[in-house]
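Next comes entry.cif, a file with mmCIF, C-alpha atoms.
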```cif
data_protein
loop_
_atom_site.label_atom_id
_atom_site.label_comp_id
_atom_site.auth_asym_id
_atom_site.auth_seq_id
_atom_site.Cartn_x
_atom_site.Cartn_y
_atom_site.Cartn_z
CA MET N 208 -15.94 -2.55 2.47
CA SER N 209 -14.99 -5.97 3.81
CA ILE N 210 -11.61 -6.68 2.22
CA LEU N 211 -10.40 -8.17 5.50
CA ALA N 212 -13.55 -10.12 6.36
CA ASN N 213 -12.77 -13.32 8.30
CA LYS N 214 -9.22 -12.14 8.99
CA LYS N 215 -8.22 -12.30 12.66
CA LEU N 216 -5.75 -9.71 13.87
CA ILE N 217 -4.21 -9.34 17.31
CA ILE N 218 -3.02 -5.85 18.22
CA GLY N 219 -0.59 -5.85 21.12
CA VAL N 220 -0.43 -2.47 22.86
CA THR N 221 2.59 -1.72 25.04
CA GLY N 222 3.29 1.10 27.48
CA GLY N 223 4.15 4.09 25.32
CA ILE N 224 2.54 7.50 24.91
CA ALA N 225 1.81 6.62 21.26
CA SER N 226 -0.66 3.97 22.41
CA TYR N 227 -3.53 6.46 22.01
CA LYS N 228 -2.87 6.46 18.24
CA VAL N 229 -3.82 2.79 18.14
CA CYS N 230 -7.44 3.92 18.35
CA ASP N 231 -7.28 5.17 14.76
CA VAL N 232 -5.50 2.01 13.63
CA ILE N 233 -8.26 -0.17 15.10
CA ARG N 234 -10.98 1.98 13.58
CA SER N 235 -9.42 1.82 10.10
CA LEU N 236 -8.91 -1.95 10.21
CA LYS N 237 -12.44 -2.56 11.50
CA GLU N 238 -13.76 -0.52 8.57
CA LEU N 239 -11.95 -2.99 6.29
CA GLY N 240 -13.74 -5.87 8.02
CA ALA N 241 -10.95 -7.27 10.22
CA ASP N 242 -11.72 -9.06 13.48
CA VAL N 243 -9.47 -7.21 15.94
CA GLN N 244 -8.45 -8.56 19.35
CA VAL N 245 -6.49 -6.17 21.58
CA ILE N 246 -4.02 -7.39 24.18
CA MET N 247 -2.51 -4.83 26.57
CA THR N 248 0.51 -4.94 28.80
CA GLU N 249 0.23 -3.69 32.38
CA SER N 250 2.07 -0.48 31.44
CA ALA N 251 -0.24 0.19 28.50
CA ASN N 252 -3.15 0.43 30.95
CA LYS N 253 -1.53 3.61 32.32
CA PHE N 254 -2.04 5.41 29.00
CA VAL N 255 -5.36 4.12 27.58
CA THR N 256 -8.07 2.18 29.38
CA PRO N 257 -9.12 -1.24 28.11
CA LEU N 258 -12.69 0.07 27.79
CA THR N 259 -11.58 2.41 24.97
CA PHE N 260 -10.17 -0.43 22.90
CA GLU N 261 -13.14 -2.67 23.70
CA SER N 262 -15.49 0.00 22.36
CA LEU N 263 -13.54 0.26 19.10
CA SER N 264 -12.75 -3.42 18.52
CA TYR N 265 -16.08 -4.90 19.74
CA ASN N 266 -14.05 -7.52 21.57
CA PRO N 267 -13.01 -7.81 25.22
CA VAL N 268 -9.47 -6.63 25.84
CA LEU N 269 -7.09 -9.20 27.32
CA THR N 270 -4.61 -8.05 29.95
CA GLU N 271 -3.88 -11.01 32.25
CA MET N 272 -1.74 -14.04 31.61
CA PHE N 273 -4.28 -16.42 33.12
CA ALA N 274 -8.00 -16.35 32.46
CA GLU N 275 -10.51 -16.30 35.27
CA ASP N 276 -11.58 -19.71 34.05
CA GLU N 277 -8.63 -21.77 35.31
CA ARG N 278 -9.46 -24.53 32.84
CA VAL N 279 -8.10 -22.34 30.01
CA ALA N 280 -4.46 -22.41 31.06
CA THR N 281 -3.14 -22.49 27.49
CA ARG N 282 -5.09 -19.63 25.97
CA HIS N 283 -1.85 -17.89 24.93
CA ILE N 284 -1.22 -20.85 22.63
CA ASP N 285 -4.75 -20.91 21.24
CA ILE N 286 -4.88 -17.15 20.61
CA ALA N 287 -1.55 -17.08 18.78
CA ARG N 288 -2.37 -20.08 16.60
CA ASP N 289 -5.84 -18.76 15.76
CA CYS N 290 -4.76 -15.32 14.51
CA ASP N 291 -3.71 -14.43 10.96
CA ALA N 292 -1.33 -11.67 12.06
CA LEU N 293 -0.01 -9.97 15.17
CA LEU N 294 0.71 -6.23 15.26
CA ILE N 295 2.71 -4.78 18.17
CA CYS N 296 1.79 -1.10 18.23
CA PRO N 297 3.47 0.77 19.70
CA ALA N 298 6.45 -1.51 20.21
CA THR N 299 8.57 -0.14 23.06
CA ALA N 300 12.31 -0.70 23.48
CA ASN N 301 11.48 -2.99 26.39
CA MET N 302 9.16 -5.23 24.35
CA ILE N 303 11.61 -5.34 21.44
CA GLY N 304 14.31 -6.42 23.90
CA ASN N 305 12.07 -9.08 25.41
CA VAL N 306 11.21 -10.57 22.02
CA THR N 307 14.87 -10.53 20.94
CA HIS N 308 16.01 -12.44 24.02
CA GLY N 309 13.09 -14.83 24.30
CA ILE N 310 11.60 -13.34 27.46
CA ALA N 311 7.94 -14.22 27.89
CA ASP N 312 6.84 -12.78 31.22
CA ASP N 313 3.29 -11.58 30.41
CA LEU N 314 0.42 -12.50 28.10
CA LEU N 315 1.53 -10.38 25.13
CA SER N 316 5.20 -11.43 25.11
CA THR N 317 4.12 -15.07 25.48
CA ILE N 318 1.77 -14.79 22.50
CA ILE N 319 4.56 -13.20 20.44
CA MET N 320 6.75 -16.14 21.35
CA VAL N 321 4.15 -18.57 20.01
CA ALA N 322 3.22 -16.54 16.90
CA GLY N 323 6.87 -16.10 15.89
CA ALA N 324 8.33 -14.10 13.03
CA LYS N 325 5.94 -15.40 10.39
CA LYS N 326 2.94 -13.57 11.85
CA THR N 327 4.44 -10.64 13.75
CA ILE N 328 4.81 -6.98 12.74
CA LEU N 329 6.36 -4.44 15.11
CA ALA N 330 5.70 -0.69 14.91
CA PRO N 331 8.26 0.95 17.23
CA ALA N 332 7.71 4.31 18.92
CA MET N 333 10.08 5.85 21.46
CA ASN N 334 12.42 8.72 22.25
CA THR N 335 15.12 9.39 19.65
CA ASP N 336 17.96 8.54 22.03
CA MET N 337 16.28 5.25 22.89
CA TRP N 338 15.72 4.37 19.22
CA ASN N 339 19.31 5.25 18.33
CA ASN N 340 20.74 3.32 21.29
CA PRO N 341 23.10 0.66 19.85
CA ILE N 342 21.47 -2.02 21.98
CA VAL N 343 18.00 -1.25 20.58
CA GLN N 344 19.35 -1.11 17.02
CA LYS N 345 21.11 -4.44 17.52
CA ASN N 346 17.88 -5.97 18.81
CA VAL N 347 15.95 -4.62 15.83
CA SER N 348 18.58 -5.94 13.43
CA THR N 349 18.48 -9.36 15.10
CA LEU N 350 14.72 -9.58 14.82
CA LYS N 351 14.80 -8.53 11.16
CA ASP N 352 17.36 -11.24 10.47
CA LEU N 353 14.97 -13.72 12.08
CA GLY N 354 12.17 -12.61 9.75
CA TYR N 355 10.20 -10.22 11.98
CA GLU N 356 8.73 -7.31 10.03
CA PHE N 357 8.98 -3.69 11.13
CA ILE N 358 7.16 -0.47 10.31
CA GLU N 359 9.96 2.01 10.85
CA PRO N 360 9.28 5.05 13.06
CA GLU N 361 9.15 8.55 11.56
CA ILE N 362 10.85 11.85 12.23
CA GLY N 363 8.67 14.35 14.06
CA LEU N 364 7.80 16.11 17.30
CA LEU N 365 7.97 13.64 20.18
CA ALA N 366 6.24 13.60 23.58
CA CYS N 367 9.47 14.79 25.20
CA ARG N 368 9.12 18.03 23.17
CA THR N 369 12.12 17.34 21.00
CA GLU N 370 12.09 16.58 17.31
CA GLY N 371 13.74 13.50 15.90
CA ILE N 372 13.20 9.91 14.81
CA GLY N 373 11.00 7.74 17.00
CA LYS N 374 7.49 8.92 16.17
CA LEU N 375 5.00 6.11 15.52
CA ALA N 376 4.45 5.52 11.81
CA ALA N 377 1.47 7.25 10.26
CA ASN N 378 -1.86 5.43 10.46
CA GLU N 379 -1.92 4.95 6.67
CA ARG N 380 1.46 3.21 6.70
CA ILE N 381 0.43 0.86 9.50
CA VAL N 382 -2.92 -0.04 7.96
CA SER N 383 -1.32 -0.64 4.56
CA LYS N 384 1.31 -2.98 6.01
CA VAL N 385 -1.24 -4.94 8.05
CA LYS N 386 -3.64 -5.19 5.12
CA ILE N 387 -0.91 -6.66 2.91
CA LYS N 388 0.13 -9.06 5.69
CA LEU N 389 -3.41 -10.33 6.27
CA LEU N 390 -4.00 -10.93 2.56
CA GLN N 391 -0.54 -12.39 1.89
CA THR N 392 -0.25 -15.18 -0.66
CA GLU N 393 2.63 -16.42 -2.81
CA GLU N 394 0.73 -16.34 -6.11
CA PHE N 395 3.04 -13.72 -7.63
CA LYS N 396 6.21 -14.98 -5.96
CA ASN N 397 9.30 -14.29 -8.13
CA LYS N 398 7.27 -11.94 -10.35
CA HIS N 399 8.38 -8.33 -10.66
CA PHE N 400 5.63 -5.72 -11.08
CA LEU N 401 6.59 -2.28 -12.42
CA ILE N 402 3.75 0.10 -11.54
CA THR N 403 3.38 3.81 -12.24
CA ALA N 404 1.14 6.21 -10.35
CA GLY N 405 0.17 9.82 -9.86
CA PRO N 406 0.53 12.85 -12.13
CA THR N 407 3.56 14.30 -13.80
CA GLN N 408 4.48 17.98 -13.64
CA GLU N 409 5.94 19.91 -16.57
CA ALA N 410 7.53 23.21 -15.56
CA ILE N 411 6.56 26.48 -17.23
CA ASP N 412 8.77 28.68 -15.07
CA PRO N 413 10.31 28.33 -11.57
CA VAL N 414 6.90 28.54 -9.85
CA ARG N 415 4.35 27.18 -12.34
CA PHE N 416 3.81 23.85 -14.06
CA LEU N 417 1.34 21.87 -16.16
CA THR N 418 -0.23 18.89 -14.41
CA ASN N 419 -3.52 17.02 -13.90
CA ASN N 420 -5.83 15.90 -11.09
CA SER N 421 -4.41 12.41 -10.55
CA SER N 422 -4.03 11.56 -6.85
CA GLY N 423 -2.03 8.36 -7.33
CA LYS N 424 -4.48 6.32 -5.25
CA MET N 425 -5.14 3.74 -7.98
CA GLY N 426 -1.46 3.06 -8.60
CA PHE N 427 -0.63 2.87 -4.90
CA SER N 428 -3.55 0.44 -4.41
CA LEU N 429 -2.23 -1.71 -7.25
CA ALA N 430 1.18 -1.78 -5.55
CA GLU N 431 -0.43 -2.92 -2.29
CA ALA N 432 -2.43 -5.60 -4.09
CA ALA N 433 0.65 -6.92 -5.91
CA LEU N 434 2.63 -7.01 -2.66
CA SER N 435 -0.18 -8.94 -0.98
CA GLY N 436 0.22 -11.50 -3.76
CA GLY N 437 3.90 -11.94 -2.92
CA ALA N 438 5.26 -9.95 -5.88
CA GLU N 439 8.35 -7.80 -5.99
CA VAL N 440 7.08 -4.29 -6.69
CA THR N 441 8.72 -1.16 -8.02
CA LEU N 442 6.42 1.85 -7.76
CA VAL N 443 7.29 4.91 -9.86
CA SER N 444 5.18 7.91 -8.93
CA GLY N 445 4.81 11.58 -9.62
CA PRO N 446 4.11 14.03 -6.77
CA THR N 447 1.35 12.84 -4.39
CA SER N 448 0.46 13.12 -0.71
CA LEU N 449 0.47 9.33 -0.26
CA ASN N 450 2.83 7.07 1.68
CA PRO N 451 4.18 4.29 -0.55
CA PRO N 452 3.70 0.70 0.66
CA GLU N 453 6.44 -0.38 3.07
CA ASP N 454 7.88 -3.19 0.97
CA ALA N 455 7.75 -1.56 -2.46
CA VAL N 456 10.86 -0.12 -4.08
CA PHE N 457 9.76 3.49 -4.50
CA LYS N 458 10.99 5.86 -7.19
CA SER N 459 9.84 9.48 -7.09
CA ILE N 460 9.73 11.48 -10.32
CA GLN N 461 8.33 14.80 -11.47
CA THR N 462 8.31 14.95 -15.26
CA ALA N 463 7.27 12.57 -18.03
CA GLU N 464 10.88 12.40 -19.20
CA GLU N 465 12.07 11.39 -15.71
CA MET N 466 9.41 8.66 -15.62
CA LYS N 467 10.51 7.40 -19.03
CA ILE N 468 14.17 7.18 -17.97
CA ILE N 469 13.43 5.27 -14.75
CA ILE N 470 10.98 2.89 -16.43
CA ASN N 471 13.45 2.09 -19.21
CA ASP N 472 16.07 1.34 -16.57
CA ILE N 473 13.85 -1.03 -14.56
CA TYR N 474 11.81 -2.50 -17.42
CA PRO N 475 14.24 -5.31 -18.41
CA THR N 476 13.75 -7.08 -15.05
CA SER N 477 9.94 -6.74 -14.99
CA ASP N 478 7.28 -9.34 -15.72
CA VAL N 479 4.27 -7.02 -15.50
CA LEU N 480 4.01 -3.35 -16.45
CA ILE N 481 1.00 -1.44 -15.09
CA MET N 482 0.83 2.16 -16.30
CA SER N 483 -1.76 3.83 -14.09
CA ALA N 484 0.06 7.17 -13.94
CA ALA N 485 -1.51 10.16 -15.66
CA VAL N 486 1.50 11.13 -17.74
CA SER N 487 1.44 14.57 -19.33
CA ASP N 488 0.80 14.44 -23.09
CA TYR N 489 2.52 17.78 -23.64
CA ARG N 490 5.28 19.90 -22.10
CA PRO N 491 6.48 23.46 -22.75
CA VAL N 492 9.05 23.73 -25.54
CA ALA N 493 11.00 26.20 -23.41
CA ILE N 494 11.03 26.76 -19.64
CA SER N 495 11.45 30.33 -18.48
CA SER N 496 14.37 30.74 -16.07
CA THR N 497 12.48 33.49 -14.23
CA LYS N 498 8.87 33.89 -13.16
CA ILE N 499 6.70 34.98 -16.07
CA LYS N 500 5.19 38.39 -15.28
CA LYS N 501 1.51 39.14 -15.65
CA ASN N 502 1.96 41.86 -18.25
CA ASN N 503 -0.46 40.90 -20.98
CA LYS N 504 -4.11 39.82 -21.12
CA THR N 505 -3.11 36.58 -22.84
CA LEU N 506 -0.14 34.26 -22.61
CA ASN N 507 0.93 31.88 -25.34
CA ILE N 508 3.02 28.84 -24.45
CA ASP N 509 4.35 26.56 -27.15
CA LEU N 510 3.94 22.89 -26.26
CA GLU N 511 5.49 19.72 -27.63
CA LYS N 512 4.45 16.10 -27.25
CA THR N 513 6.02 13.96 -24.56
CA THR N 514 7.05 10.39 -25.28
CA ASP N 515 4.23 7.84 -25.22
CA ILE N 516 6.04 5.45 -22.88
CA LEU N 517 3.68 2.51 -23.35
CA ALA N 518 3.64 2.80 -27.13
CA GLU N 519 7.43 2.93 -27.19
CA LEU N 520 7.80 -0.14 -24.96
CA SER N 521 5.23 -2.12 -26.96
CA THR N 522 7.91 -2.78 -29.59
CA LYS N 523 9.92 -4.78 -27.04
CA LYS N 524 7.10 -6.31 -25.03
CA ASN N 525 8.14 -9.97 -25.37
CA ASN N 526 6.22 -12.10 -22.83
CA ARG N 527 5.38 -9.31 -20.39
CA VAL N 528 1.85 -8.45 -19.36
CA PHE N 529 0.91 -4.84 -20.16
CA VAL N 530 -1.90 -3.04 -18.32
CA GLY N 531 -2.97 0.47 -19.30
CA PHE N 532 -5.52 2.99 -18.06
CA ALA N 533 -7.72 5.37 -20.00
CA VAL N 534 -9.97 8.22 -18.93
CA GLU N 535 -12.75 8.79 -21.45
CA THR N 536 -15.91 10.89 -21.51
CA ASP N 537 -17.22 10.02 -25.02
CA ASN N 538 -17.38 6.71 -26.90
CA ILE N 539 -15.76 5.24 -23.82
CA ILE N 540 -15.43 1.56 -24.76
CA ALA N 541 -14.62 2.16 -28.44
CA ASN N 542 -11.90 4.69 -27.64
CA ALA N 543 -10.42 2.44 -24.95
CA ILE N 544 -10.31 -0.57 -27.29
CA GLU N 545 -8.56 1.53 -29.93
CA LYS N 546 -5.92 2.62 -27.42
CA MET N 547 -5.50 -0.94 -26.20
CA ARG N 548 -4.81 -2.24 -29.72
CA LYS N 549 -2.58 0.69 -30.66
CA LYS N 550 -0.34 0.17 -27.62
CA ASN N 551 -0.45 -3.65 -27.69
CA LEU N 552 -1.96 -3.90 -24.21
CA ASP N 553 -3.23 -7.10 -22.65
CA ILE N 554 -5.62 -5.23 -20.35
CA MET N 555 -7.13 -1.77 -20.55
CA VAL N 556 -8.92 -0.25 -17.56
CA VAL N 557 -11.21 2.62 -18.52
CA ASN N 558 -13.34 4.99 -16.49
CA ASN N 559 -15.48 8.08 -17.03
CA PRO N 560 -14.67 10.80 -14.45
CA LEU N 561 -18.12 12.30 -14.95
CA VAL N 562 -19.74 9.26 -13.32
CA GLU N 563 -20.48 9.63 -9.60
CA GLY N 564 -17.75 8.00 -7.51
CA ALA N 565 -15.32 7.77 -10.43
CA GLY N 566 -13.63 11.16 -10.31
CA PHE N 567 -10.06 12.07 -9.46
CA ALA N 568 -8.74 12.11 -5.88
CA THR N 569 -11.53 9.82 -4.63
CA ASP N 570 -11.15 6.54 -2.73
CA THR N 571 -13.59 4.86 -5.14
CA ASN N 572 -13.85 4.36 -8.87
CA VAL N 573 -16.20 2.88 -11.48
CA VAL N 574 -14.27 1.04 -14.16
CA THR N 575 -14.55 -1.39 -17.04
CA ILE N 576 -11.75 -3.91 -17.56
CA LEU N 577 -11.14 -4.81 -21.21
CA SER N 578 -8.87 -7.52 -22.57
CA GLN N 579 -7.41 -8.37 -25.97
CA SER N 580 -9.51 -11.55 -25.98
CA GLY N 581 -12.66 -9.41 -26.07
CA ASP N 582 -13.68 -9.89 -22.44
CA GLU N 583 -15.39 -6.91 -20.85
CA ILE N 584 -15.86 -6.70 -17.09
CA SER N 585 -17.88 -3.74 -15.80
CA LEU N 586 -17.41 -3.15 -12.08
CA PRO N 587 -19.80 -1.11 -9.91
CA LYS N 588 -18.50 1.68 -7.70
CA MET N 589 -16.00 0.23 -5.27
CA ASN N 590 -12.83 1.05 -3.35
CA LYS N 591 -9.71 1.34 -5.50
CA PHE N 592 -7.96 -1.45 -3.61
CA GLU N 593 -10.85 -3.79 -4.45
CA ILE N 594 -10.58 -2.72 -8.09
CA ALA N 595 -6.84 -3.44 -7.94
CA LEU N 596 -7.57 -6.98 -6.77
CA HIS N 597 -9.95 -7.50 -9.72
CA ILE N 598 -7.30 -6.23 -12.15
CA LEU N 599 -4.67 -8.56 -10.69
CA ASP N 600 -7.09 -11.47 -11.01
CA GLU N 601 -6.90 -10.92 -14.77
CA VAL N 602 -3.13 -10.47 -14.65
CA ALA N 603 -2.79 -13.82 -12.83
CA ILE N 604 -4.72 -15.54 -15.63
CA LEU N 605 -2.49 -13.98 -18.29
CA LEU N 606 0.63 -15.07 -16.38
CA GLY N 607 -0.69 -18.64 -16.38
CA LEU N 608 -1.05 -18.67 -12.60
CA ARG N 609 -4.79 -19.35 -12.81
CA PRO N 610 -6.89 -21.11 -15.41
CA SER N 611 -8.85 -18.90 -17.78
CA LYS N 612 -12.50 -18.62 -16.82
CA PHE N 613 -13.43 -19.35 -20.45
CA LYS N 614 -11.18 -22.43 -20.68
CA SER N 615 -12.49 -23.72 -17.38
CA ALA N 616 -16.04 -23.49 -18.67
CA ILE N 617 -15.12 -25.39 -21.85
CA GLN N 618 -13.39 -28.16 -19.90
CA VAL N 619 -16.46 -28.67 -17.74
#
```
This structure in structure tokens:
Amino acid sequence: MSILANKKLIIGVTGGIASYKVCDVIRSLKELGADVQVIMTESANKFVTPLTFESLSYNPVLTEMFAEDERVATRHIDIARDCDALLICPATANMIGNVTHGIADDLLSTIIMVAGAKKTILAPAMNTDMWNNPIVQKNVSTLKDLGYEFIEPEIGLLACRTEGIGKLAANERIVSKVKIKLLQTEEFKNKHFLITAGPTQEAIDPVRFLTNNSSGKMGFSLAEAALSGGAEVTLVSGPTSLNPPEDAVFKSIQTAEEMKIIINDIYPTSDVLIMSAAVSDYRPVAISSTKIKKNNKTLNIDLEKTTDILAELSTKKNNRVFVGFAVETDNIIANAIEKMRKKNLDIMVVNNPLVEGAGFATDTNVVTILSQSGDEISLPKMNKFEIALHILDEVAILLGLRPSKFKSAIQV
């Protein structure tokens, strides 16, 4: 997968114990096709050798302010201007302080000075007391006000053997943020995307529930793709193991009814509704207040239909773009078209989970994108983020942000 092909990323590594985790970050971003250049501070060399990062990035690691070739005295300017984004990972309290106060006393801090807020992301990692220090928090607040982006640290076990906030953000969070930054456009600027993801859970008793195999990966990928297009994104998701994208407004729900309530609350401000969640079609009529005992050979549970959220909203669609998803195993296209018309959808994305690479909880899918105009786009097996980009291509056309492929052909 080469989503980030031709994208140049600088990763600045500072002197913190979390610097060893940057190895996984580099590996993940290289797998996406990014061209990664690592720059290390003198202190960072105490934790991980440059050779390690060279082996992972396939580029020489830069550590010195001045190159051996004295004719290249302004390489800090050239490097900063040539990159698409700059990730400081981990960002120590010292480096955050330097950036805040305009101190450029080594290669990395000088490059940050040139790149500025527009390109720079900081992923802090430090002891809890350091992170909570009012001076550090003031510096962070100042940089945020100036437009610098942060990937907030997490709560966990730290190197000092205490537990608290200061742990470097999970690899998935860092990669997601950088991916969105590198692909950033303003195509969907001032557009609000309301996206649903994951399964819902309908309780039977205090320990059991009805659910499905949805992992939420498609919906979370759609949120990332919309954010990379400059959209405002609200992501409503059932229980998953995924980290939501940093800049999405995230709403966690459990039941179909909870999803309905939140969507109805947010819907009036949305321009695009993408329902990729696998919402339960049925729920128990009654929920037992105590655990149901295994007394009989059979157990009968009365079920009732949940609200079809999309069908209900279709009566007040107005000028919004509606995108739905369908899982079909028989008469796939015909069934999907029928659902699309019944729910007044602009786009229907359908897949067959029996096809290799298209099942639940996978990183890939095999889908067909259908539209009310009769267009049918069949995509081969690909990563769900790539599929999300294809879906948003069609959304952009419907929003009038791109010319229709058909109209363009006629005009020619």
Review point. Near Asn551 (chain N), within 10 Å and counting all atoms listed in the file, which residues show up once chain neighbours fewer than 3 positions away are dropped, as a list in words?
Key: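 So, after excluding close chain neighbours, the residues are Leu517, Ala518, Leu520, Ser521, Thr522, Lys524, Val528, Phe529, Val530, Gly531, Glu545, Lys546, Met547, Arg548, Ile554, Met555 and Gln579 of chain N.
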Practice item. Determine, counting all atoms listed in the file, which protein, DNA and RNA residues have an atom within 12 Å of an atom of region 418-423 of chain N; residues of the same chain fewer than 6 positions away are not included. Present the result as a count of residues only. Key: 46
Review point. What does the PyMOL selection byres ((chain N and resi 224) around 12) select in this file, as a PyMOL selection string?
Key: chain N and resi 220-223+225-229+250-255+296-299+331-334+365-367+373-375
**Study point:** Result set of the PyMOL selection byres ((chain N and resi 312) around 12) on the coordinates above, as a PyMOL selection string
**Key:** chain N and resi 248-249+271-273+283+301-302+305-306+308-311+313-320
Check your understanding: So which residues get picked by the PyMOL selection byres ((chain N and resi 260) around 12) here, written as a ChimeraX atom specification?
Key -> /N:218-220,226-234,237,243-247,251-252,254-259,261-270
**Study point:** Near-Ile594 (chain N) list (10 Å; all atoms listed in the file; drop same-chain fewer than 6 positions) as a list in words
**Key:** Met425, Ser428, Leu429, Ala432, Val556, Thr571, Asn572, Val573, Val574, Thr575, Ile576, Leu586, Pro587, Lys588 and Asp600 of chain N
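Shortest atom-to-atom contact with Asp582 (chain N) among N:Val382, N:Leu293, N:Ile544, N:Ala595: N:Ile544, counting only C-alpha atoms.
Atom pair CA of Thr392 (chain N) / CA of Thr307 (chain N) has a distance of 26.8 Å (rounded to one decimal).
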Exercise for review: List the neighbours of Gln391 (chain N) out to 6 Å using all atoms listed in the file; skip same-chain residues closer than 3 positions along the sequence, and give me the result as a ChimeraX atom specification.
Suggested key: /N:387-388,435-436
Exercise for review: Please check which residues have atoms at most 10 Å from (9.9, 2.8, 6.6) in the file's coordinates, counting only C-alpha atoms, and write them as a PyMOL selection string.
Suggested key: chain N and resi 330+357-361+376+380+450-454
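Interatomic distance, CA of Ala322 (chain N) against CA of Lys398 (chain N): 27.9 Å.
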Skip Glu535 (chain N) itself and residues of its chain fewer than 4 positions away, then list as a tab-separated table (two decimals) with C-alpha atoms, in the frame of the given file all residues within 9 Å of it, counting all atoms listed in the file.
```
chain	number	residue	atom	x	y	z
N	539	ILE	CA	-15.76	5.24	-23.82
N	540	ILE	CA	-15.43	1.56	-24.76
N	542	ASN	CA	-11.90	4.69	-27.64
N	543	ALA	CA	-10.42	2.44	-24.95
N	557	VAL	CA	-11.21	2.62	-18.52
N	558	ASN	CA	-13.34	4.99	-16.49
N	559	ASN	CA	-15.48	8.08	-17.03
N	560	PRO	CA	-14.67	10.80	-14.45
```
Check your understanding: Which one is closest to Asp537 (chain N): N:Leu390, N:Val562, N:Leu552, N:Leu596? Count only C-alpha atoms.
Key ->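 Residue with the minimum atom-to-atom distance to Asp537 (chain N): N:Val562.
For the pair CA of Ala377 (chain N) and CA of Ile328 (chain N), the separation is 14.8 Å.
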Check your understanding: In terms of the shortest atom-to-atom distance over all atoms listed in the file, which of N:Leu364, N:Ala287, N:Leu236, N:Ile210 is closest to Glu379 (chain N)?
Key ->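 Of N:Leu364, N:Ala287, N:Leu236, N:Ile210, the one nearest Glu379 (chain N), counting all atoms listed in the file, is N:Leu236.
Counting only C-alpha atoms, the residue from N:Gly354, N:Ala324, N:Pro610, N:Glu519 that sits nearest to Asn471 (chain N) is N:Glu519.
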